[in-house]
file final.cif (mmCIF, C-alpha atoms and all ligand atoms)
data_run
loop_
_atom_site.label_atom_id
_atom_site.label_comp_id
_atom_site.auth_asym_id
_atom_site.auth_seq_id
_atom_site.Cartn_x
_atom_site.Cartn_y
_atom_site.Cartn_z
CA MET A 1099 0.19 13.98 -6.42
CA LYS A 1100 -1.28 10.49 -6.46
CA VAL A 1101 -2.67 9.01 -3.26
CA PRO A 1102 -2.75 5.21 -2.95
CA LEU A 1103 -5.05 3.23 -0.67
CA GLY A 1104 -2.12 1.84 1.29
CA GLU A 1105 1.65 1.34 1.21
CA VAL A 1106 2.38 -2.09 2.60
CA THR A 1107 6.14 -1.94 2.07
CA LYS A 1108 6.61 1.26 4.12
CA GLN A 1109 6.32 -0.57 7.45
CA TYR A 1110 9.12 -2.86 6.29
CA HIS A 1111 11.41 -0.08 5.12
CA ASP A 1112 10.81 1.77 8.39
CA ASN A 1113 12.18 -1.17 10.38
CA GLN A 1114 14.27 -2.94 7.77
CA VAL A 1115 17.31 -3.71 9.92
CA GLU A 1116 15.24 -5.21 12.74
CA ILE A 1117 12.99 -7.20 10.40
CA ASP A 1118 15.89 -8.53 8.32
CA SER A 1119 17.69 -9.76 11.41
CA ALA A 1120 14.51 -11.36 12.79
CA ILE A 1121 14.02 -13.23 9.49
CA ARG A 1122 17.68 -14.30 9.42
CA ALA A 1123 17.44 -15.65 12.97
CA VAL A 1124 14.53 -17.92 11.97
CA VAL A 1125 16.22 -19.11 8.79
CA ASP A 1126 19.44 -19.77 10.72
CA SER A 1127 17.60 -21.71 13.43
CA GLY A 1128 15.88 -24.01 10.94
CA GLN A 1129 12.85 -24.04 13.25
CA PHE A 1130 10.12 -22.97 10.82
CA ILE A 1131 7.06 -24.47 12.56
CA LEU A 1132 6.01 -23.96 16.20
CA GLY A 1133 9.16 -22.43 17.61
CA GLU A 1134 10.06 -19.53 19.87
CA PRO A 1135 8.86 -16.48 17.84
CA VAL A 1136 5.29 -17.87 17.69
CA LYS A 1137 5.29 -18.53 21.45
CA LYS A 1138 6.58 -15.04 22.15
CA LEU A 1139 4.14 -13.39 19.75
CA GLU A 1140 1.27 -15.29 21.39
CA ARG A 1141 2.35 -13.94 24.78
CA ASP A 1142 2.76 -10.39 23.43
CA ILE A 1143 -0.64 -10.33 21.74
CA ALA A 1144 -2.37 -11.91 24.74
CA GLU A 1145 -0.87 -9.17 26.90
CA LEU A 1146 -1.87 -6.40 24.49
CA SER A 1147 -5.40 -7.83 24.32
CA GLY A 1148 -5.81 -8.39 28.04
CA ALA A 1149 -6.39 -12.11 27.33
CA ARG A 1150 -4.89 -15.04 29.22
CA PHE A 1151 -3.60 -16.83 26.11
CA GLY A 1152 -3.12 -16.34 22.40
CA VAL A 1153 -3.02 -19.17 19.87
CA GLY A 1154 -1.34 -18.38 16.55
CA LEU A 1155 -2.97 -19.66 13.37
CA ASN A 1156 -2.33 -19.40 9.66
CA SER A 1157 -5.06 -16.82 8.92
CA GLY A 1158 -7.92 -14.82 10.34
CA THR A 1159 -10.32 -17.06 8.44
CA ASP A 1160 -8.93 -20.18 10.12
CA ALA A 1161 -9.06 -18.34 13.46
CA LEU A 1162 -12.83 -17.98 12.99
CA LEU A 1163 -13.25 -21.61 11.91
CA LEU A 1164 -11.15 -23.10 14.71
CA ALA A 1165 -12.80 -20.85 17.31
CA LEU A 1166 -16.20 -22.16 16.18
CA VAL A 1167 -15.05 -25.79 16.20
CA ALA A 1168 -13.40 -25.40 19.62
CA ASP A 1169 -16.72 -24.12 20.98
CA GLY A 1170 -18.51 -27.20 19.60
CA ILE A 1171 -20.48 -25.37 16.90
CA GLY A 1172 -21.56 -27.70 14.08
CA PRO A 1173 -24.46 -29.09 12.03
CA GLY A 1174 -27.91 -28.01 13.20
CA ASP A 1175 -26.59 -24.90 14.94
CA GLU A 1176 -27.39 -21.31 13.99
CA VAL A 1177 -24.87 -18.50 14.44
CA ILE A 1178 -26.10 -14.92 14.23
CA THR A 1179 -23.71 -12.54 12.49
CA SER A 1180 -23.39 -9.34 10.48
CA PRO A 1181 -24.22 -9.31 6.76
CA PHE A 1182 -21.93 -6.28 6.33
CA THR A 1183 -18.46 -7.80 6.63
CA PHE A 1184 -15.79 -9.61 4.67
CA VAL A 1185 -17.10 -12.98 3.45
CA ALA A 1186 -14.80 -14.98 5.76
CA THR A 1187 -17.07 -14.33 8.75
CA ALA A 1188 -19.99 -16.29 7.28
CA GLU A 1189 -17.75 -18.70 5.36
CA ALA A 1190 -16.25 -19.98 8.63
CA ILE A 1191 -19.74 -20.63 10.04
CA VAL A 1192 -20.67 -22.69 6.97
CA LEU A 1193 -17.32 -24.54 7.01
CA ALA A 1194 -17.99 -25.49 10.64
CA GLY A 1195 -21.25 -27.07 9.41
CA ALA A 1196 -23.56 -24.47 10.97
CA LYS A 1197 -25.95 -21.93 9.47
CA PRO A 1198 -25.19 -18.18 9.38
CA VAL A 1199 -28.20 -16.04 10.28
CA PHE A 1200 -27.93 -12.39 9.28
CA ALA A 1201 -29.42 -9.48 11.22
CA ASP A 1202 -29.30 -5.81 10.25
CA ILE A 1203 -26.53 -3.39 11.25
CA ASP A 1204 -26.60 -0.20 13.27
CA PRO A 1205 -26.53 2.48 10.54
CA SER A 1206 -24.22 4.80 12.48
CA THR A 1207 -21.41 2.37 13.42
CA PHE A 1208 -21.95 -0.24 10.64
CA ASN A 1209 -21.69 -2.96 13.32
CA LEU A 1210 -24.29 -5.68 13.97
CA CYS A 1211 -27.27 -4.16 15.82
CA PRO A 1212 -27.81 -5.92 19.19
CA GLU A 1213 -31.61 -5.52 19.14
CA LYS A 1214 -31.90 -6.81 15.57
CA ALA A 1215 -29.66 -9.76 16.49
CA GLU A 1216 -31.84 -10.60 19.50
CA ASP A 1217 -34.93 -10.57 17.25
CA VAL A 1218 -33.65 -13.49 15.14
CA ILE A 1219 -32.75 -15.86 18.01
CA THR A 1220 -34.43 -19.27 17.61
CA ALA A 1221 -34.28 -22.58 19.49
CA ARG A 1222 -31.30 -23.52 17.27
CA THR A 1223 -29.25 -20.40 17.94
CA ARG A 1224 -26.02 -21.28 19.74
CA MET A 1225 -23.80 -18.27 19.20
CA ILE A 1226 -23.59 -14.62 18.20
CA MET A 1227 -20.58 -13.54 16.18
CA PRO A 1228 -20.38 -9.73 15.97
CA VAL A 1229 -17.74 -8.08 13.77
CA ASP A 1230 -15.64 -5.08 14.89
CA LEU A 1231 -15.93 -3.37 11.53
CA TYR A 1232 -13.44 -0.78 10.30
CA GLY A 1233 -11.57 -0.89 13.65
CA GLN A 1234 -14.41 -0.08 16.06
CA MET A 1235 -15.53 -2.68 18.61
CA ALA A 1236 -19.14 -3.88 18.48
CA ASP A 1237 -21.22 -3.06 21.57
CA ARG A 1238 -19.72 -5.48 24.13
CA ASP A 1239 -22.20 -4.66 26.94
CA ALA A 1240 -25.30 -5.20 24.82
CA PHE A 1241 -24.11 -8.45 23.22
CA CYS A 1242 -22.81 -9.90 26.50
CA ALA A 1243 -26.20 -9.18 28.12
CA ILE A 1244 -28.09 -10.87 25.26
CA ALA A 1245 -25.73 -13.87 25.27
CA GLU A 1246 -26.17 -14.32 29.00
CA LYS A 1247 -29.96 -13.95 28.87
CA HIS A 1248 -30.34 -16.58 26.11
CA GLY A 1249 -27.43 -18.88 27.06
CA LEU A 1250 -25.43 -18.20 23.88
CA LYS A 1251 -21.71 -18.28 23.15
CA LEU A 1252 -19.79 -15.36 21.69
CA ILE A 1253 -16.98 -15.07 19.17
CA TRP A 1254 -15.87 -11.58 18.18
CA ASP A 1255 -14.47 -11.20 14.66
CA ALA A 1256 -11.82 -8.64 15.61
CA ALA A 1257 -9.78 -9.04 12.38
CA GLN A 1258 -9.94 -5.25 11.89
CA ALA A 1259 -9.66 -4.19 15.54
CA ILE A 1260 -6.30 -5.08 17.13
CA GLY A 1261 -5.55 -2.47 19.82
CA ALA A 1262 -9.15 -1.16 19.96
CA ARG A 1263 -10.94 -0.62 23.27
CA PHE A 1264 -14.49 -0.64 24.58
CA GLN A 1265 -15.03 1.39 27.75
CA ASN A 1266 -11.27 1.44 28.00
CA LYS A 1267 -11.09 -2.37 28.06
CA PRO A 1268 -9.19 -4.37 25.40
CA LEU A 1269 -10.51 -7.24 23.27
CA GLY A 1270 -9.68 -10.04 25.69
CA ALA A 1271 -11.46 -8.46 28.68
CA PHE A 1272 -14.87 -9.77 27.56
CA PRO A 1273 -16.54 -13.20 27.57
CA GLY A 1274 -16.01 -15.36 24.47
CA SER A 1275 -12.94 -15.29 22.25
CA SER A 1276 -11.66 -12.77 19.73
CA THR A 1277 -10.17 -13.70 16.39
CA LEU A 1278 -7.45 -11.61 14.74
CA SER A 1279 -6.05 -11.39 11.22
CA PHE A 1280 -2.57 -10.22 10.27
CA TYR A 1281 -3.33 -10.08 6.54
CA PRO A 1282 -0.88 -7.62 4.89
CA THR A 1283 -3.35 -4.71 4.85
CA LYS A 1284 -4.54 -5.09 8.45
CA ASN A 1285 -3.31 -2.69 11.17
CA LEU A 1286 -0.79 -5.31 12.33
CA ALA A 1287 0.42 -6.78 9.06
CA ALA A 1288 2.36 -9.94 8.23
CA ALA A 1289 4.23 -10.52 4.97
CA GLY A 1290 1.65 -13.16 4.06
CA ASP A 1291 -1.23 -14.88 5.84
CA ALA A 1292 -1.41 -15.12 9.62
CA GLY A 1293 -4.01 -14.97 12.41
CA MET A 1294 -4.64 -15.59 16.10
CA ILE A 1295 -7.35 -16.41 18.65
CA THR A 1296 -7.42 -15.04 22.18
CA ALA A 1297 -8.17 -17.95 24.49
CA ARG A 1298 -10.21 -17.77 27.71
CA ASP A 1299 -8.35 -20.32 29.81
CA ALA A 1300 -5.69 -23.02 29.62
CA ARG A 1301 -8.13 -25.73 28.49
CA HIS A 1302 -9.50 -23.61 25.68
CA ALA A 1303 -5.95 -22.71 24.56
CA GLU A 1304 -4.92 -26.38 24.67
CA ARG A 1305 -7.90 -27.37 22.53
CA LEU A 1306 -7.10 -24.67 19.96
CA ARG A 1307 -3.43 -25.76 19.87
CA MET A 1308 -4.56 -29.33 19.17
CA LEU A 1309 -6.96 -28.25 16.43
CA ARG A 1310 -4.27 -26.25 14.61
CA HIS A 1311 -1.82 -29.18 14.72
CA HIS A 1312 -3.72 -32.18 13.27
CA GLY A 1313 -5.61 -32.81 16.52
CA SER A 1314 -2.39 -33.69 18.25
CA ARG A 1315 -0.68 -32.73 21.53
CA GLN A 1316 2.03 -35.35 21.36
CA SER A 1317 3.81 -36.22 18.11
CA TYR A 1318 1.93 -38.77 16.03
CA LEU A 1319 -0.87 -39.22 18.57
CA HIS A 1320 -4.15 -37.78 17.25
CA GLU A 1321 -6.98 -37.31 19.74
CA VAL A 1322 -9.43 -35.24 17.72
CA LEU A 1323 -10.00 -34.34 14.07
CA GLY A 1324 -7.74 -31.37 13.45
CA TYR A 1325 -6.38 -29.04 10.81
CA ASN A 1326 -3.02 -27.86 9.57
CA SER A 1327 -3.31 -24.23 10.58
CA ARG A 1328 -0.16 -23.14 12.37
CA LEU A 1329 1.21 -19.61 12.30
CA ASP A 1330 4.62 -19.91 10.69
CA GLU A 1331 7.78 -18.71 12.41
CA LEU A 1332 8.87 -16.25 9.72
CA GLN A 1333 5.55 -14.43 9.97
CA ALA A 1334 5.70 -14.47 13.76
CA ALA A 1335 9.23 -13.01 13.73
CA ILE A 1336 8.15 -10.19 11.39
CA LEU A 1337 4.99 -9.54 13.40
CA ARG A 1338 6.93 -9.26 16.67
CA VAL A 1339 9.01 -6.43 15.23
CA LYS A 1340 5.95 -4.61 13.86
CA LEU A 1341 3.98 -5.13 17.07
CA ARG A 1342 6.45 -2.85 18.86
CA HIS A 1343 5.29 -0.06 16.54
CA LEU A 1344 1.57 -0.83 16.50
CA GLU A 1345 0.62 1.88 18.95
CA ARG A 1346 2.54 4.49 16.95
CA PHE A 1347 0.99 3.24 13.69
CA ASN A 1348 -2.53 3.31 15.18
CA ALA A 1349 -1.87 6.83 16.54
CA ALA A 1350 -0.81 7.99 13.06
CA ARG A 1351 -4.08 6.62 11.65
CA ALA A 1352 -6.02 8.46 14.36
CA GLU A 1353 -4.20 11.67 13.38
CA VAL A 1354 -5.34 11.22 9.76
CA SER A 1355 -8.90 10.63 10.96
CA ARG A 1356 -8.84 13.90 12.97
CA LEU A 1357 -7.56 15.77 9.94
CA TYR A 1358 -10.27 14.27 7.68
CA ARG A 1359 -12.94 15.01 10.26
CA ASN A 1360 -11.87 18.65 10.45
CA LEU A 1361 -11.44 19.28 6.74
CA LEU A 1362 -14.54 17.39 5.61
CA LYS A 1363 -17.06 18.51 8.21
CA ASP A 1364 -18.91 21.01 6.00
CA LEU A 1365 -19.13 18.74 2.93
CA PRO A 1366 -22.33 16.83 2.01
CA LEU A 1367 -20.86 13.57 3.32
CA ILE A 1368 -21.75 11.53 6.40
CA LEU A 1369 -18.53 11.12 8.40
CA PRO A 1370 -17.90 7.92 10.38
CA ALA A 1371 -19.44 7.90 13.84
CA GLU A 1372 -17.04 7.32 16.68
CA SER A 1373 -18.81 5.68 19.59
CA ARG A 1374 -18.09 7.53 22.84
CA GLN A 1375 -17.80 4.12 24.47
CA GLY A 1376 -14.69 3.03 22.66
CA LYS A 1377 -11.32 3.64 21.07
CA HIS A 1378 -11.43 3.27 17.29
CA ILE A 1379 -8.21 2.11 15.58
CA TRP A 1380 -9.20 3.48 12.17
CA HIS A 1381 -8.57 0.39 10.09
CA GLN A 1382 -10.81 2.25 7.62
CA PHE A 1383 -12.15 5.81 7.45
CA THR A 1384 -15.48 5.28 5.74
CA VAL A 1385 -17.76 8.11 4.63
CA ARG A 1386 -21.23 7.86 3.14
CA SER A 1387 -22.48 9.73 0.08
CA GLY A 1388 -25.72 9.56 -1.89
CA LYS A 1389 -23.66 9.90 -5.09
CA ARG A 1390 -20.97 7.49 -4.01
CA ASP A 1391 -20.21 5.93 -7.41
CA ALA A 1392 -19.82 9.29 -9.17
CA LEU A 1393 -17.68 10.55 -6.30
CA ARG A 1394 -15.45 7.50 -6.47
CA ALA A 1395 -14.99 7.94 -10.24
CA ALA A 1396 -14.08 11.62 -9.73
CA LEU A 1397 -11.54 10.75 -7.02
CA ASP A 1398 -10.05 8.17 -9.33
CA GLN A 1399 -9.72 10.83 -12.06
CA ALA A 1400 -7.92 13.05 -9.53
CA GLY A 1401 -5.46 10.24 -8.70
CA VAL A 1402 -6.98 9.51 -5.28
CA ALA A 1403 -7.64 5.84 -4.56
CA SER A 1404 -10.72 4.76 -2.60
CA MET A 1405 -12.52 1.46 -1.99
CA ILE A 1406 -15.97 0.11 -1.27
CA TYR A 1407 -16.02 -2.24 1.72
CA TYR A 1408 -18.39 -3.96 0.97
CA PRO A 1409 -20.32 -3.48 -2.29
CA VAL A 1410 -22.45 -6.65 -2.02
CA PRO A 1411 -23.66 -7.56 1.48
CA LEU A 1412 -23.54 -11.23 2.41
CA HIS A 1413 -27.31 -11.85 2.24
CA ARG A 1414 -27.14 -10.78 -1.43
CA GLN A 1415 -24.07 -12.86 -2.38
CA PRO A 1416 -24.85 -15.64 -4.87
CA LEU A 1417 -23.67 -18.20 -2.31
CA TYR A 1418 -26.07 -17.07 0.44
CA ALA A 1419 -28.95 -15.36 -1.40
CA ALA A 1420 -30.98 -18.55 -1.87
CA ASN A 1421 -31.14 -19.05 1.90
CA CYS A 1422 -31.96 -15.38 2.48
CA ALA A 1423 -35.01 -14.93 0.25
CA GLY A 1424 -37.34 -12.32 1.71
CA LEU A 1425 -34.74 -11.12 4.22
CA ASP A 1426 -35.07 -7.35 4.54
CA LEU A 1427 -31.97 -5.60 5.91
CA PRO A 1428 -32.46 -1.94 4.94
CA SER A 1429 -29.55 -0.42 6.90
CA THR A 1430 -27.17 -2.97 5.40
CA ASP A 1431 -28.41 -2.29 1.85
CA GLU A 1432 -28.12 1.46 2.45
CA ALA A 1433 -24.54 1.07 3.69
CA ALA A 1434 -23.57 -1.09 0.70
CA ARG A 1435 -24.99 1.61 -1.61
CA THR A 1436 -23.34 4.62 0.02
CA VAL A 1437 -20.06 3.74 1.78
CA LEU A 1438 -16.66 4.83 0.52
CA SER A 1439 -13.40 4.17 2.36
CA LEU A 1440 -10.68 6.82 1.97
CA PRO A 1441 -6.90 6.28 2.13
CA ILE A 1442 -5.84 5.91 5.77
CA PHE A 1443 -2.53 4.31 6.73
CA PRO A 1444 0.35 5.18 9.07
CA HIS A 1445 2.59 6.75 6.43
CA LEU A 1446 -0.09 8.73 4.58
CA GLY A 1447 1.05 12.09 6.01
CA ALA A 1448 -0.71 15.46 6.14
CA ALA A 1449 0.11 16.58 2.57
CA ARG A 1450 -1.52 13.56 0.96
CA ALA A 1451 -4.45 13.67 3.41
CA HIS A 1452 -5.04 17.30 2.39
CA ARG A 1453 -4.94 16.22 -1.25
CA VAL A 1454 -7.70 13.65 -0.56
CA CYS A 1455 -9.82 16.37 1.06
CA GLU A 1456 -9.30 18.81 -1.84
CA ALA A 1457 -10.43 16.15 -4.31
CA LEU A 1458 -13.52 15.47 -2.18
CA ARG A 1459 -14.26 19.20 -1.85
CA ALA A 1460 -14.14 19.61 -5.62
CA ASN A 1461 -16.50 16.71 -6.24
CA ALA A 1462 -18.72 15.89 -3.25
C1 LIG B 1 -9.48 -9.84 7.01
C2 LIG B 1 -10.74 -10.31 7.63
C3 LIG B 1 -10.99 -11.68 7.87
C4 LIG B 1 -10.12 -12.77 7.32
O1 LIG B 1 -8.80 -12.73 7.69
P1 LIG B 1 -7.70 -13.47 6.78
O2 LIG B 1 -6.47 -13.36 7.62
O3 LIG B 1 -7.61 -12.71 5.50
O4 LIG B 1 -8.12 -14.87 6.59
C5 LIG B 1 -12.14 -12.03 8.54
N1 LIG B 1 -13.02 -11.11 8.95
C6 LIG B 1 -12.84 -9.79 8.72
C7 LIG B 1 -13.85 -8.82 9.22
C8 LIG B 1 -11.70 -9.35 8.04
O5 LIG B 1 -11.54 -8.06 7.80
#
call {"tool": "encode", "arguments": {"input": "final.cif", "output": "structure tokens", "more": "lines below"}}
Ligand SMILES: *Cc1c(COP(=O)(O)O)cnc(C)c1O
result
Amino acid sequence: MKVPLGEVTKQYHDNQVEIDSAIRAVVDSGQFILGEPVKKLERDIAELSGARFGVGLNSGTDALLLALVADGIGPGDEVITSPFTFVATAEAIVLAGAKPVFADIDPSTFNLCPEKAEDVITARTRMIMPVDLYGQMADRDAFCAIAEKHGLKLIWDAAQAIGARFQNKPLGAFPGSSTLSFYPTKNLAAAGDAGMITARDARHAERLRMLRHHGSRQSYLHEVLGYNSRLDELQAAILRVKLRHLERFNAARAEVSRLYRNLLKDLPLILPAESRQGKHIWHQFTVRSGKRDALRAALDQAGVASMIYYPVPLHRQPLYAANCAGLDLPSTDEAARTVLSLPIFPHLGAARAHRVCEALRANA
């Protein structure tokens, strides 16, 4: 029995009739850009996130960039973020013209460590951008307190955390804005690229809507320098169908995580820490092992897929290393050396999850 890392087509086959008719309705309407499905999806996601508004964009990367630009971040500004994330987090900061400043992570949750972030604040720091890695929200209380104390803005890279909670509160219940990605492997998955920002108030939402549409509110009148970054209607229509099943899909992931936790607890692996403060949505189930590379090769031999998110932390990437000389981030380096993400997706099922555990038991 082979076990893949994911099965992106299963969510389609599960809801094929609904998704096909949603696609047909868009194609029939001829309204491919900024129509009804996007508006409705924005309302649905805002509601799910406890935010006042949602603004649909063409990717999670653009969501980060436009959120930065809308908050006036640009040349001369420093933005503190995690070095242990997908590259887009830092890329957006550089594209906005600002400088990413990396601080070490908390070794138990893999999220940016609030104390370490506070240590690197300078006179140029304007914002902190924590990442909700693997589906677990970064410490909202600690970061909000630091931001308030130092007068800093906050953007939360929640690309991996739709539906997560912190002290039973959803993403939009906190200061700052959250950015989401609907990349095909994310918990809420489009059939292509798509993203969204949760907006704080009507003015913020209006500014984001202008930025995504060539800096324009009214056709052919351009007030600010903008982008072409709209969420397209086909993706929105597909996402609206899948959104109705998100809670069920996230619950199925949580079931797999309980099974893994039970069956792996006596193995020489460090299991992912679940903060008592929050609800994890298990975008990834990531263990740590001192012999990670050998373990991964053995799993591969046994037909069990696994992945390293992320093998090279951002401060060691060729693009950023020159600006990070002498930067010592031991918990980040340790994580990059030891982490291994196991298959976890809504349709994995108990039989295949057991197979993953047997392969680990034979090799860990
Ligand atoms: C996926 C992801 C992004 C980028 O989202 P895209 O939709 O692929 O552009 C940004 N940050 C994190 C943490 C991600 O996982």
call {"tool": "closest_residue", "arguments": {"input": "final.cif", "among": "A:Gln1114, A:Asn1348, A:Thr1223, A:Ser1327", "to": "ligand LIG 1 (chain B)", "atoms": "all atoms listed in the file"}}
result
A:Ser1327
call {"tool": "axis_aligned_box", "arguments": {"input": "final.cif", "around": "ligand LIG 1 (chain B)", "padding_each_side": "3 Å", "output": "lines of an AutoDock Vina configuration file"}}
result
center_x = -10.2
center_y = -11.5
center_z = 7.4
size_x = 13.4
size_y = 12.8
size_z = 9.7
call {"tool": "residues_near_ligand", "arguments": {"input": "final.cif", "ligand": "ligand LIG 1 (chain B)", "cutoff": "6 Å", "atoms": "all atoms listed in the file", "output": "PDB file with C-alpha atoms, keeping the file's coordinate frame"}}
result
ATOM      1  CA  SER A1157      -5.060 -16.820   8.920  1.00  0.00           C
ATOM      2  CA  GLY A1158      -7.920 -14.820  10.340  1.00  0.00           C
ATOM      3  CA  THR A1159     -10.320 -17.060   8.440  1.00  0.00           C
ATOM      4  CA  THR A1183     -18.460  -7.800   6.630  1.00  0.00           C
ATOM      5  CA  PHE A1184     -15.790  -9.610   4.670  1.00  0.00           C
ATOM      6  CA  ALA A1186     -14.800 -14.980   5.760  1.00  0.00           C
ATOM      7  CA  THR A1187     -17.070 -14.330   8.750  1.00  0.00           C
ATOM      8  CA  ASP A1255     -14.470 -11.200  14.660  1.00  0.00           C
ATOM      9  CA  ALA A1257      -9.780  -9.040  12.380  1.00  0.00           C
ATOM     10  CA  GLN A1258      -9.940  -5.250  11.890  1.00  0.00           C
ATOM     11  CA  SER A1279      -6.050 -11.390  11.220  1.00  0.00           C
ATOM     12  CA  PHE A1280      -2.570 -10.220  10.270  1.00  0.00           C
ATOM     13  CA  TYR A1281      -3.330 -10.080   6.540  1.00  0.00           C
ATOM     14  CA  ASP A1291      -1.230 -14.880   5.840  1.00  0.00           C
ATOM     15  CA  ALA A1292      -1.410 -15.120   9.620  1.00  0.00           C
ATOM     16  CA  GLY A1293      -4.010 -14.970  12.410  1.00  0.00           C
TER      17      GLY A1293
END
call {"tool": "closest_atom_pairs", "arguments": {"input": "final.cif", "of": "stretch 1329-1447 of chain A", "to": "stretch 1200-1210 of chain A", "cutoff": "6 Å", "atoms": "all atoms listed in the file", "output": "tab-separated table"}}
result
residue	atom	partner	partner_atom	distance
A:Ala1371	CA	A:Ser1206	CA	5.9
A:Leu1427	CA	A:Asp1202	CA	5.1
A:Ser1429	CA	A:Pro1205	CA	5.5
A:Thr1430	CA	A:Ile1203	CA	5.9
call {"tool": "atom_distance", "arguments": {"input": "final.cif", "atom1": "atom CA of A:Thr1296", "atom2": "atom CA of A:Ala1144"}}
result
6.5 Å
call {"tool": "atom_distance", "arguments": {"input": "final.cif", "atom1": "atom CA of A:Arg1310", "atom2": "atom CA of A:Tyr1110"}}
result
28.2 Å
call {"tool": "atom_distance", "arguments": {"input": "final.cif", "atom1": "atom CA of A:Ile1244", "atom2": "atom CA of A:Pro1409"}}
result
29.6 Å
call {"tool": "closest_residue", "arguments": {"input": "final.cif", "among": "A:Pro1181, A:Gly1152, A:Gly1104, A:Pro1228", "to": "A:Pro1428", "atoms": "all atoms listed in the file"}}
result
A:Pro1181
call {"tool": "closest_residue", "arguments": {"input": "final.cif", "among": "A:Ala1349, A:Ile1368, A:Ala1433, A:Ala1297", "to": "A:Arg1150", "atoms": "all atoms listed in the file"}}
result
A:Ala1297
call {"tool": "closest_residue", "arguments": {"input": "final.cif", "among": "A:Gln1375, A:Asn1285, A:Ser1439, A:Ser1387", "to": "A:Leu1337", "atoms": "all atoms listed in the file"}}
result
A:Asn1285
call {"tool": "residues_around", "arguments": {"input": "final.cif", "residues": "A:Pro1366", "least_positions_apart": "6", "cutoff": "12 Å", "atoms": "only C-alpha atoms", "output": "ChimeraX atom specification"}}
result
/A:1385-1390,1393,1458-1462
call {"tool": "closest_residue", "arguments": {"input": "final.cif", "among": "A:Leu1438, A:Ala1215, A:Ile1379, A:Met1294", "to": "A:Leu1329", "atoms": "only C-alpha atoms"}}
result
A:Met1294
call {"tool": "closest_residue", "arguments": {"input": "final.cif", "among": "A:Ala1259, A:Leu1103, A:Met1227, A:Leu1341", "to": "A:Glu1145", "atoms": "all atoms listed in the file"}}
result
A:Leu1341
call {"tool": "decode", "arguments": {"input": "final.cif", "residues": "stretch 1236-1265 of chain A", "atoms": "C-alpha atoms", "output": "tab-separated table (two decimals), in the first residue's frame"}}
result
chain	number	residue	atom	x	y	z
A	1236	ALA	CA	1.36	32.25	16.45
A	1237	ASP	CA	1.00	33.64	19.98
A	1238	ARG	CA	-1.52	36.46	19.41
A	1239	ASP	CA	-1.40	37.83	22.98
A	1240	ALA	CA	2.39	38.14	23.10
A	1241	PHE	CA	2.74	39.72	19.65
A	1242	CYS	CA	-0.16	42.14	20.17
A	1243	ALA	CA	1.42	43.28	23.47
A	1244	ILE	CA	4.82	43.84	21.81
A	1245	ALA	CA	3.25	45.67	18.85
A	1246	GLU	CA	1.33	47.96	21.17
A	1247	LYS	CA	4.34	48.66	23.41
A	1248	HIS	CA	6.58	49.62	20.45
A	1249	GLY	CA	3.93	51.16	18.16
A	1250	LEU	CA	4.28	48.51	15.44
A	1251	LYS	CA	1.83	47.18	12.86
A	1252	LEU	CA	0.96	43.51	12.50
A	1253	ILE	CA	0.29	41.26	9.52
A	1254	TRP	CA	-0.29	37.58	10.21
A	1255	ASP	CA	0.76	35.17	7.45
A	1256	ALA	CA	-2.14	32.76	7.96
A	1257	ALA	CA	-1.69	30.97	4.60
A	1258	GLN	CA	-1.62	27.63	6.47
A	1259	ALA	CA	-4.18	28.42	9.16
A	1260	ILE	CA	-7.71	28.98	7.79
A	1261	GLY	CA	-10.20	27.89	10.48
A	1262	ALA	CA	-7.60	27.88	13.30
A	1263	ARG	CA	-8.30	29.54	16.65
A	1264	PHE	CA	-6.33	31.19	19.43
A	1265	GLN	CA	-8.05	31.17	22.82
